[in-house]
$ cat work.pdb   # PDB, C-alpha atoms and all ligand atoms
ATOM      1  CA  MET V   1     -15.443 -24.179  -0.579
ATOM      2  CA  ALA V   2     -17.462 -23.401  -3.696
ATOM      3  CA  ARG V   3     -17.498 -19.818  -4.859
ATOM      4  CA  PRO V   4     -20.183 -18.516  -7.204
ATOM      5  CA  THR V   5     -19.498 -16.241 -10.169
ATOM      6  CA  GLN V   6     -19.202 -12.606  -9.171
ATOM      7  CA  PHE V   7     -18.027  -9.247 -10.453
ATOM      8  CA  THR V   8     -15.782  -6.819  -8.626
ATOM      9  CA  GLU V   9     -13.445  -3.925  -9.301
ATOM     10  CA  ALA V  10      -9.748  -4.606  -8.936
ATOM     11  CA  LEU V  11      -6.230  -3.295  -9.411
ATOM     12  CA  LEU V  12      -3.588  -5.640 -10.753
ATOM     13  CA  LEU V  13      -0.772  -6.156  -8.253
ATOM     14  CA  ARG V  14       1.194  -8.783 -10.143
ATOM     15  CA  ALA V  15       0.921 -11.263 -13.005
ATOM     16  CA  VAL V  16       3.171 -14.270 -13.523
ATOM     17  CA  ASP V  17       3.103 -16.759 -16.394
ATOM     18  CA  TYR V  18       1.868 -20.221 -15.529
ATOM     19  CA  ARG V  19       2.059 -23.353 -17.644
ATOM     20  CA  ASP V  20       1.942 -22.817 -21.420
ATOM     21  CA  SER V  21      -0.775 -20.263 -21.803
ATOM     22  CA  ASP V  22      -2.092 -19.287 -18.362
ATOM     23  CA  ARG V  23      -1.249 -16.548 -15.942
ATOM     24  CA  ILE V  24      -1.676 -16.280 -12.198
ATOM     25  CA  VAL V  25      -2.683 -12.777 -11.263
ATOM     26  CA  THR V  26      -2.649 -11.132  -7.867
ATOM     27  CA  LEU V  27      -5.366  -8.510  -7.575
ATOM     28  CA  LEU V  28      -6.367  -5.963  -5.006
ATOM     29  CA  SER V  29     -10.120  -6.423  -5.253
ATOM     30  CA  ARG V  30     -12.697  -4.075  -3.819
ATOM     31  CA  ASP V  31     -14.716  -6.901  -2.252
ATOM     32  CA  HIS V  32     -12.132  -9.446  -1.084
ATOM     33  CA  GLY V  33      -8.892  -7.522  -0.555
ATOM     34  CA  PRO V  34      -5.810  -9.088  -2.171
ATOM     35  CA  ILE V  35      -6.587 -12.311  -4.031
ATOM     36  CA  SER V  36      -4.808 -14.658  -6.403
ATOM     37  CA  ALA V  37      -6.669 -15.857  -9.477
ATOM     38  CA  LEU V  38      -5.896 -18.224 -12.302
ATOM     39  CA  ALA V  39      -6.447 -16.649 -15.720
ATOM     40  CA  ARG V  40      -6.723 -19.582 -18.110
ATOM     41  CA  GLY V  41      -5.426 -18.892 -21.588
ATOM     42  CA  ALA V  42      -4.562 -15.320 -20.638
ATOM     43  CA  ARG V  43      -1.433 -15.325 -22.754
ATOM     44  CA  ASN V  44      -3.415 -16.229 -25.881
ATOM     45  CA  SER V  45      -6.973 -15.053 -25.369
ATOM     46  CA  ARG V  46      -7.380 -11.456 -26.453
ATOM     47  CA  LYS V  47     -11.122 -11.886 -26.249
ATOM     48  CA  ARG V  48     -11.598 -12.535 -22.541
ATOM     49  CA  PHE V  49      -8.775 -10.397 -21.222
ATOM     50  CA  GLY V  50      -7.915  -8.039 -24.074
ATOM     51  CA  GLY V  51      -5.055  -5.877 -22.926
ATOM     52  CA  ALA V  52      -6.730  -5.576 -19.534
ATOM     53  CA  LEU V  53      -4.156  -7.337 -17.400
ATOM     54  CA  GLU V  54      -1.988  -4.298 -16.875
ATOM     55  CA  PRO V  55      -1.061  -2.419 -13.731
ATOM     56  CA  CYS V  56      -2.069   1.158 -14.602
ATOM     57  CA  ALA V  57      -5.797   0.652 -14.797
ATOM     58  CA  LEU V  58      -8.896   0.055 -12.754
ATOM     59  CA  LEU V  59     -10.322  -3.266 -13.901
ATOM     60  CA  GLN V  60     -13.767  -4.774 -13.826
ATOM     61  CA  VAL V  61     -13.161  -8.484 -13.274
ATOM     62  CA  GLU V  62     -15.403 -11.511 -13.384
ATOM     63  CA  LEU V  63     -14.458 -14.179 -10.879
ATOM     64  CA  GLY V  64     -15.784 -17.509 -12.121
ATOM     65  CA  GLU V  65     -17.207 -20.304 -10.050
ATOM     66  CA  THR V  66     -14.524 -22.476  -8.538
ATOM     67  CA  ARG V  67     -13.937 -25.070  -5.856
ATOM     68  CA  GLY V  68     -10.184 -24.696  -5.862
ATOM     69  CA  GLU V  69      -7.846 -22.723  -3.665
ATOM     70  CA  LEU V  70      -7.410 -20.022  -6.287
ATOM     71  CA  PHE V  71     -10.079 -17.787  -7.639
ATOM     72  CA  ARG V  72     -10.677 -18.219 -11.351
ATOM     73  CA  LEU V  73     -10.468 -15.069 -13.435
ATOM     74  CA  ALA V  74     -13.161 -15.533 -16.079
ATOM     75  CA  SER V  75     -12.790 -12.133 -17.734
ATOM     76  CA  ALA V  76     -11.328  -8.683 -17.189
ATOM     77  CA  GLU V  77     -11.836  -5.331 -18.815
ATOM     78  CA  VAL V  78     -10.414  -1.874 -18.268
ATOM     79  CA  LYS V  79     -12.853   0.412 -16.521
ATOM     80  CA  GLN V  80     -10.577   3.412 -16.079
ATOM     81  CA  HIS V  81      -7.138   3.870 -17.559
ATOM     82  CA  PHE V  82      -4.576   5.997 -15.720
ATOM     83  CA  ALA V  83      -2.647   7.138 -18.763
ATOM     84  CA  GLY V  84      -1.127  10.050 -16.844
ATOM     85  CA  LEU V  85       0.962   7.646 -14.785
ATOM     86  CA  SER V  86       3.195   6.893 -17.723
ATOM     87  CA  ARG V  87       3.972  10.553 -18.423
ATOM     88  CA  SER V  88       6.811  10.335 -15.913
ATOM     89  CA  LEU V  89       9.109   7.432 -15.095
ATOM     90  CA  ASP V  90       9.235   8.406 -11.411
ATOM     91  CA  CYS V  91       5.453   8.412 -11.280
ATOM     92  CA  LEU V  92       5.283   4.929 -12.818
ATOM     93  CA  ARG V  93       7.869   3.652 -10.382
ATOM     94  CA  ARG V  94       6.010   5.155  -7.420
ATOM     95  CA  ALA V  95       2.781   3.539  -8.574
ATOM     96  CA  GLY V  96       4.590   0.215  -8.946
ATOM     97  CA  ALA V  97       6.132   0.567  -5.484
ATOM     98  CA  ALA V  98       2.688   1.384  -4.030
ATOM     99  CA  LEU V  99       1.252  -1.814  -5.536
ATOM    100  CA  LYS V 100       4.191  -3.804  -4.240
ATOM    101  CA  THR V 101       3.601  -2.342  -0.771
ATOM    102  CA  VAL V 102      -0.065  -3.395  -0.900
ATOM    103  CA  ARG V 103       0.999  -6.930  -1.804
ATOM    104  CA  MET V 104       3.493  -7.024   1.048
ATOM    105  CA  VAL V 105       1.456  -5.405   3.818
ATOM    106  CA  LEU V 106      -2.153  -6.528   3.378
ATOM    107  CA  PRO V 107      -3.130 -10.112   4.272
ATOM    108  CA  ALA V 108      -4.657 -12.159   1.439
ATOM    109  CA  GLU V 109      -8.418 -12.530   1.159
ATOM    110  CA  GLU V 110      -9.222 -10.175   3.974
ATOM    111  CA  PRO V 111     -11.651  -7.441   2.954
ATOM    112  CA  ALA V 112      -9.742  -4.180   2.536
ATOM    113  CA  GLU V 113     -12.219  -1.739   1.130
ATOM    114  CA  GLN V 114     -10.509   1.328   2.582
ATOM    115  CA  ALA V 115      -7.091   0.245   1.293
ATOM    116  CA  PHE V 116      -8.658  -0.281  -2.125
ATOM    117  CA  ALA V 117     -10.171   3.222  -2.039
ATOM    118  CA  ASP V 118      -6.858   4.739  -0.916
ATOM    119  CA  THR V 119      -4.852   2.960  -3.619
ATOM    120  CA  LEU V 120      -7.343   4.050  -6.227
ATOM    121  CA  GLY V 121      -7.182   7.598  -4.833
ATOM    122  CA  LEU V 122      -3.397   7.557  -5.124
ATOM    123  CA  PHE V 123      -3.587   6.485  -8.771
ATOM    124  CA  GLU V 124      -6.204   9.086  -9.611
ATOM    125  CA  HIS V 125      -4.052  11.742  -7.964
ATOM    126  CA  PHE V 126      -0.934  10.643  -9.861
ATOM    127  CA  ASP V 127      -2.926  10.526 -13.074
ATOM    128  CA  ALA V 128      -4.293  14.048 -12.678
ATOM    129  CA  HIS V 129      -1.524  15.911 -10.827
ATOM    130  CA  GLY V 130       1.652  13.825 -11.027
ATOM    131  CA  SER V 131       3.631  12.729  -7.978
ATOM    132  CA  THR V 132       6.366  13.972  -5.669
ATOM    133  CA  ASN V 133       8.917  12.289  -3.467
ATOM    134  CA  TRP V 134       6.779  12.044  -0.321
ATOM    135  CA  HIS V 135       3.625  10.493  -1.816
ATOM    136  CA  LEU V 136       4.797   6.891  -1.608
ATOM    137  CA  LEU V 137       5.905   7.359   1.995
ATOM    138  CA  ALA V 138       2.548   8.859   2.976
ATOM    139  CA  PHE V 139       0.720   5.987   1.294
ATOM    140  CA  GLN V 140       2.902   3.424   3.064
ATOM    141  CA  PHE V 141       2.188   4.924   6.492
ATOM    142  CA  ARG V 142      -1.496   4.981   5.611
ATOM    143  CA  LEU V 143      -1.376   1.254   4.765
ATOM    144  CA  LEU V 144       0.472   0.475   7.997
ATOM    145  CA  ALA V 145      -2.279   2.311   9.865
ATOM    146  CA  LEU V 146      -4.955   0.284   8.061
ATOM    147  CA  ALA V 147      -3.064  -2.910   8.929
ATOM    148  CA  GLY V 148      -3.099  -1.872  12.588
ATOM    149  CA  LEU V 149       0.636  -1.149  12.671
ATOM    150  CA  SER V 150       0.612   2.602  13.305
ATOM    151  CA  PRO V 151       3.156   3.615  15.910
ATOM    152  CA  ASP V 152       1.739   5.214  19.074
ATOM    153  CA  LEU V 153       3.516   8.566  19.250
ATOM    154  CA  GLU V 154       1.573  10.105  22.126
ATOM    155  CA  ARG V 155       2.585   8.286  25.282
ATOM    156  CA  CYS V 156       5.700   6.617  26.591
ATOM    157  CA  GLY V 157       5.282   2.858  26.304
ATOM    158  CA  ARG V 158       6.962   2.327  29.696
ATOM    159  CA  CYS V 159       5.672   5.021  32.078
ATOM    160  CA  ASP V 160       2.656   6.198  30.050
ATOM    161  CA  ARG V 161       3.727   9.838  30.356
ATOM    162  CA  GLU V 162       2.287  11.986  27.578
ATOM    163  CA  ALA V 163       4.670  13.702  25.165
ATOM    164  CA  PRO V 164       3.564  17.337  24.614
ATOM    165  CA  PRO V 165       1.980  17.528  21.129
ATOM    166  CA  THR V 166       4.647  19.496  19.253
ATOM    167  CA  ARG V 167       7.656  17.906  20.952
ATOM    168  CA  ALA V 168      10.176  15.564  19.335
ATOM    169  CA  VAL V 169       9.968  11.920  20.443
ATOM    170  CA  LEU V 170      12.114   8.784  20.446
ATOM    171  CA  LEU V 171      10.483   5.743  18.843
ATOM    172  CA  ASP V 172      11.146   2.218  20.030
ATOM    173  CA  LEU V 173      10.688   0.084  16.904
ATOM    174  CA  ALA V 174      10.070  -3.236  18.662
ATOM    175  CA  SER V 175       7.081  -1.993  20.671
ATOM    176  CA  GLY V 176       5.936   0.582  18.101
ATOM    177  CA  ARG V 177       5.718   3.110  20.952
ATOM    178  CA  ILE V 178       7.747   6.079  22.057
ATOM    179  CA  ARG V 179      10.067   5.934  25.045
ATOM    180  CA  CYS V 180      10.820   9.020  27.083
ATOM    181  CA  ARG V 181      14.381   9.909  28.126
ATOM    182  CA  ARG V 182      13.650   9.062  31.751
ATOM    183  CA  CYS V 183      12.796   5.522  30.665
ATOM    184  CA  GLY V 184      16.006   5.247  28.681
ATOM    185  CA  GLY V 185      14.963   6.712  25.334
ATOM    186  CA  ALA V 186      15.048   4.843  21.996
ATOM    187  CA  ASP V 187      16.935   4.820  18.691
ATOM    188  CA  VAL V 188      14.675   6.518  16.184
ATOM    189  CA  TYR V 189      14.420  10.289  16.573
ATOM    190  CA  LEU V 190      11.299  11.980  15.253
ATOM    191  CA  SER V 191      11.127  15.766  15.270
ATOM    192  CA  GLY V 192       7.825  17.395  16.195
ATOM    193  CA  GLU V 193       7.178  17.934  12.491
ATOM    194  CA  ALA V 194       7.876  14.305  11.533
ATOM    195  CA  ARG V 195       5.734  13.058  14.395
ATOM    196  CA  ALA V 196       2.772  15.244  13.421
ATOM    197  CA  TRP V 197       3.146  14.236   9.775
ATOM    198  CA  ILE V 198       3.082  10.492  10.531
ATOM    199  CA  GLU V 199      -0.058  10.928  12.616
ATOM    200  CA  ARG V 200      -1.610  13.075   9.899
ATOM    201  CA  VAL V 201      -1.063  10.692   6.968
ATOM    202  CA  GLY V 202      -2.197   7.666   8.961
ATOM    203  CA  GLU V 203      -5.621   9.209   9.481
ATOM    204  CA  GLY V 204      -6.793   9.221   5.889
ATOM    205  CA  SER V 205      -6.910  11.825   3.109
ATOM    206  CA  PHE V 206      -3.140  11.392   3.188
ATOM    207  CA  LEU V 207      -2.821  13.065  -0.210
ATOM    208  CA  ASP V 208      -3.926  16.389   1.267
ATOM    209  CA  ALA V 209      -1.103  16.408   3.829
ATOM    210  CA  GLU V 210       1.420  19.229   3.766
ATOM    211  CA  PRO V 211       4.689  18.171   2.108
ATOM    212  CA  PRO V 212       7.194  17.386   4.875
ATOM    213  CA  SER V 213      10.538  19.163   5.066
ATOM    214  CA  GLU V 214      13.461  17.152   3.732
ATOM    215  CA  ARG V 215      14.654  16.473   7.268
ATOM    216  CA  ALA V 216      11.237  15.239   8.401
ATOM    217  CA  ARG V 217      10.973  13.078   5.295
ATOM    218  CA  VAL V 218      14.283  11.374   6.098
ATOM    219  CA  GLU V 219      13.199  10.806   9.699
ATOM    220  CA  THR V 220       9.815   9.367   8.741
ATOM    221  CA  ARG V 221      11.381   7.091   6.144
ATOM    222  CA  ARG V 222      13.780   5.734   8.759
ATOM    223  CA  ALA V 223      10.856   5.047  11.106
ATOM    224  CA  LEU V 224       8.876   3.332   8.343
ATOM    225  CA  THR V 225      11.791   1.138   7.285
ATOM    226  CA  GLY V 226      12.409   0.127  10.891
ATOM    227  CA  LEU V 227       8.753  -0.613  11.682
ATOM    228  CA  ALA V 228       8.334  -2.733   8.538
ATOM    229  CA  ALA V 229      11.501  -4.679   9.309
ATOM    230  CA  GLN V 230      10.431  -5.286  12.930
ATOM    231  CA  HIS V 231       6.775  -6.085  12.503
ATOM    232  CA  LEU V 232       6.510  -7.502   8.999
ATOM    233  CA  SER V 233      10.098  -8.725   8.434
ATOM    234  CA  LEU V 234       9.865  -6.832   5.172
ATOM    235  CA  GLU V 235      11.925  -4.364   3.254
ATOM    236  CA  LEU V 236       9.395  -1.967   1.791
ATOM    237  CA  PRO V 237      10.237  -0.263  -1.504
ATOM    238  CA  VAL V 238      11.634   3.270  -1.201
ATOM    239  CA  ASP V 239      11.003   6.278  -3.403
ATOM    240  CA  PRO V 240      12.778   5.957  -6.778
ATOM    241  CA  THR V 241      14.586   9.264  -6.210
ATOM    242  CA  ASP V 242      16.076   8.143  -2.887
TER     243      ASP V 242
HETATM  244 ZN    ZN V 301       8.707   6.934  30.120
END

$ encode --input "work.pdb" --output "structure tokens"
Amino acid sequence: MARPTQFTEALLLRAVDYRDSDRIVTLLSRDHGPISALARGARNSRKRFGGALEPCALLQVELGETRGELFRLASAEVKQHFAGLSRSLDCLRRAGAALKTVRMVLPAEEPAEQAFADTLGLFEHFDAHGSTNWHLLAFQFRLLALAGLSPDLERCGRCDREAPPTRAVLLDLASGRIRCRRCGGADVYLSGEARAWIERVGEGSFLDAEPPSERARVETRRALTGLAAQHLSLELPVDPTD
């Protein structure tokens, strides 16, 4: 399939050296979701790529015409630099873990405009206000929601009985649904607070959520780890302070 030359905004997810002077980059692009692109001569050419192939920046990239499997990265320049990310090591690590999560959770070459906007929003927030220990978790639940993997915390997956809104629930990881005690219950306990928080951050504007209590944070992290292991066979990165 031939692809014409086009421009798009992108965040760099990963870059690995290839052959003598090339690099293969994985990008989260605004128009195509996650893509892999061959950057010819990227290790030598300062002209076409400058110092642009770095993770803490919004890039404007030119995808060249190609007939191959990979996109071809013709040029890249920094459009917005998130210098504030490197003011704190924890912040840098959280940003790196967020990018790794994107790479793990989102399918390649499927448009993911909302995920792009949310990742960019996370970086802008970190850049301007710094980060705390629940931001990565909130972002990860948001991505799961965008990938269609949000748990259903409202009704028992067996008998369909509704759990009263503020009540604690038991989450069955395999079905991604709650199971009431009458139906045998399930392993992962979520307090009313943790349950409301997961639903809140999955909806969008996850950065405006109230910080969860430490107990709720531990519960939500356990649910996230379990859901990712069950449904993606993945071990998602955890907060650097955990
Ligand atoms: Zn039930």

$ closest_atom_pairs --input "work.pdb" --of "chain V" --to "ligand ZN 301 (chain V)" --cutoff "12 Å" --atoms "all atoms listed in the file" --output "tab-separated table"
residue	atom	partner	partner_atom	distance
V:Glu154	CA	V:ZN301	ZN	11.2
V:Arg155	CA	V:ZN301	ZN	7.9
V:Cys156	CA	V:ZN301	ZN	4.6
V:Gly157	CA	V:ZN301	ZN	6.6
V:Arg158	CA	V:ZN301	ZN	4.9
V:Cys159	CA	V:ZN301	ZN	4.1
V:Asp160	CA	V:ZN301	ZN	6.1
V:Arg161	CA	V:ZN301	ZN	5.8
V:Glu162	CA	V:ZN301	ZN	8.6
V:Ala163	CA	V:ZN301	ZN	9.3
V:Val169	CA	V:ZN301	ZN	11.0
V:Leu170	CA	V:ZN301	ZN	10.4
V:Leu171	CA	V:ZN301	ZN	11.5
V:Asp172	CA	V:ZN301	ZN	11.4
V:Arg177	CA	V:ZN301	ZN	10.4
V:Ile178	CA	V:ZN301	ZN	8.2
V:Arg179	CA	V:ZN301	ZN	5.3
V:Cys180	CA	V:ZN301	ZN	4.2
V:Arg181	CA	V:ZN301	ZN	6.7
V:Arg182	CA	V:ZN301	ZN	5.6
V:Cys183	CA	V:ZN301	ZN	4.4
V:Gly184	CA	V:ZN301	ZN	7.6
V:Gly185	CA	V:ZN301	ZN	7.9
V:Ala186	CA	V:ZN301	ZN	10.5

$ residues_around --input "work.pdb" --residues "Leu122 in chain V" --least-positions-apart "2" --cutoff "9 Å" --atoms "all atoms listed in the file" --output "PDB file with C-alpha atoms, keeping the file's coordinate frame"
ATOM      1  CA  ALA V  95       2.781   3.539  -8.574  1.00  0.00           C
ATOM      2  CA  ALA V  98       2.688   1.384  -4.030  1.00  0.00           C
ATOM      3  CA  ALA V 117     -10.171   3.222  -2.039  1.00  0.00           C
ATOM      4  CA  ASP V 118      -6.858   4.739  -0.916  1.00  0.00           C
ATOM      5  CA  THR V 119      -4.852   2.960  -3.619  1.00  0.00           C
ATOM      6  CA  LEU V 120      -7.343   4.050  -6.227  1.00  0.00           C
ATOM      7  CA  GLU V 124      -6.204   9.086  -9.611  1.00  0.00           C
ATOM      8  CA  HIS V 125      -4.052  11.742  -7.964  1.00  0.00           C
ATOM      9  CA  PHE V 126      -0.934  10.643  -9.861  1.00  0.00           C
ATOM     10  CA  ASP V 127      -2.926  10.526 -13.074  1.00  0.00           C
ATOM     11  CA  HIS V 135       3.625  10.493  -1.816  1.00  0.00           C
ATOM     12  CA  LEU V 136       4.797   6.891  -1.608  1.00  0.00           C
ATOM     13  CA  PHE V 139       0.720   5.987   1.294  1.00  0.00           C
ATOM     14  CA  LEU V 207      -2.821  13.065  -0.210  1.00  0.00           C
TER      15      LEU V 207
END

$ closest_residue --input "work.pdb" --among "V:His32, V:Ser75, V:Ala209, V:Lys100" --to "Gly50 in chain V" --atoms "all atoms listed in the file"
V:Ser75

$ resolve_selection --input "work.pdb" --expression "the PyMOL selection byres (((chain V and resi 9-17) around 7) and not hetatm)" --output "VMD selection string"
chain V and resid 8 18 to 19 22 to 30 53 to 55 57 to 61 99 to 100 103

$ closest_residue --input "work.pdb" --among "V:Pro107, V:Gly64, V:Gly130, V:Pro164" --to "Ala83 in chain V" --atoms "all atoms listed in the file"
V:Gly130

$ closest_residue --input "work.pdb" --among "V:Asp31, V:Arg72, V:Phe82, V:Leu146" --to "Glu109 in chain V" --atoms "all atoms listed in the file"
V:Asp31

$ atom_distance --input "work.pdb" --atom1 "CA of Thr241 in chain V" --atom2 "CA of Leu92 in chain V"
12.2 Å

$ resolve_selection --input "work.pdb" --expression "the PyMOL selection byres (((chain V and resi 224) around 10) and not hetatm)" --output "list in words"
Leu137, Ala138, Gln140, Phe141, Leu144, Ser150, Pro151, Leu173, Ile198, Val218, Glu219, Thr220, Arg221, Arg222, Ala223, Thr225, Gly226, Leu227, Ala228, Ala229, Gln230, Glu235, Leu236 and Val238 of chain V

$ closest_residue --input "work.pdb" --among "V:Arg43, V:Arg94, V:His129, V:Arg3" --to "Ser21 in chain V" --atoms "only C-alpha atoms"
V:Arg43

$ resolve_selection --input "work.pdb" --expression "the PyMOL selection byres (((chain V and resi 78) around 6) and not hetatm)" --output "list of chain:residue names"
V:Ala52, V:Leu59, V:Glu77, V:Lys79, V:Gln80

$ write_last_selection --input "work.pdb" --atoms "C-alpha atoms" --output "PDB file, in the frame of the given file"
ATOM      1  CA  ALA V  52      -6.730  -5.576 -19.534  1.00  0.00           C
ATOM      2  CA  LEU V  59     -10.322  -3.266 -13.901  1.00  0.00           C
ATOM      3  CA  GLU V  77     -11.836  -5.331 -18.815  1.00  0.00           C
ATOM      4  CA  LYS V  79     -12.853   0.412 -16.521  1.00  0.00           C
ATOM      5  CA  GLN V  80     -10.577   3.412 -16.079  1.00  0.00           C
TER       6      GLN V  80
END

$ closest_residue --input "work.pdb" --among "V:Ser233, V:Asn44, V:Leu143, V:Cys56" --to "Glu113 in chain V" --atoms "only C-alpha atoms"
V:Leu143

$ atom_distance --input "work.pdb" --atom1 "CA of Ala97 in chain V" --atom2 "CA of Glu214 in chain V"
20.3 Å

$ atom_distance --input "work.pdb" --atom1 "CA of Phe49 in chain V" --atom2 "CA of Leu73 in chain V"
9.2 Å

$ residues_around --input "work.pdb" --residues "Glu210 in chain V" --least-positions-apart "5" --cutoff "12 Å" --atoms "all atoms listed in the file" --output "short mmCIF file (atom, residue, chain, number, x, y, z; two decimals) with C-alpha atoms, keeping the file's coordinate frame"
data_model
loop_
_atom_site.label_atom_id
_atom_site.label_comp_id
_atom_site.auth_asym_id
_atom_site.auth_seq_id
_atom_site.Cartn_x
_atom_site.Cartn_y
_atom_site.Cartn_z
CA THR V 132 6.37 13.97 -5.67
CA TRP V 134 6.78 12.04 -0.32
CA HIS V 135 3.62 10.49 -1.82
CA ALA V 138 2.55 8.86 2.98
CA GLU V 193 7.18 17.93 12.49
CA ALA V 194 7.88 14.30 11.53
CA ALA V 196 2.77 15.24 13.42
CA TRP V 197 3.15 14.24 9.78
CA ILE V 198 3.08 10.49 10.53
CA ARG V 200 -1.61 13.08 9.90
CA VAL V 201 -1.06 10.69 6.97
CA SER V 205 -6.91 11.82 3.11
CA ALA V 216 11.24 15.24 8.40
CA ARG V 217 10.97 13.08 5.30
#

$ residues_near_point --input "work.pdb" --point "(-6.3, 3.6, 12.4)" --cutoff "7 Å" --atoms "all atoms listed in the file" --output "list in words"
Ala145, Leu146, Gly148, Gly202 and Glu203 of chain V

$ closest_residue --input "work.pdb" --among "V:Thr166, V:Asn133, V:Ser45, V:Thr66" --to "Thr5 in chain V" --atoms "only C-alpha atoms"
V:Thr66
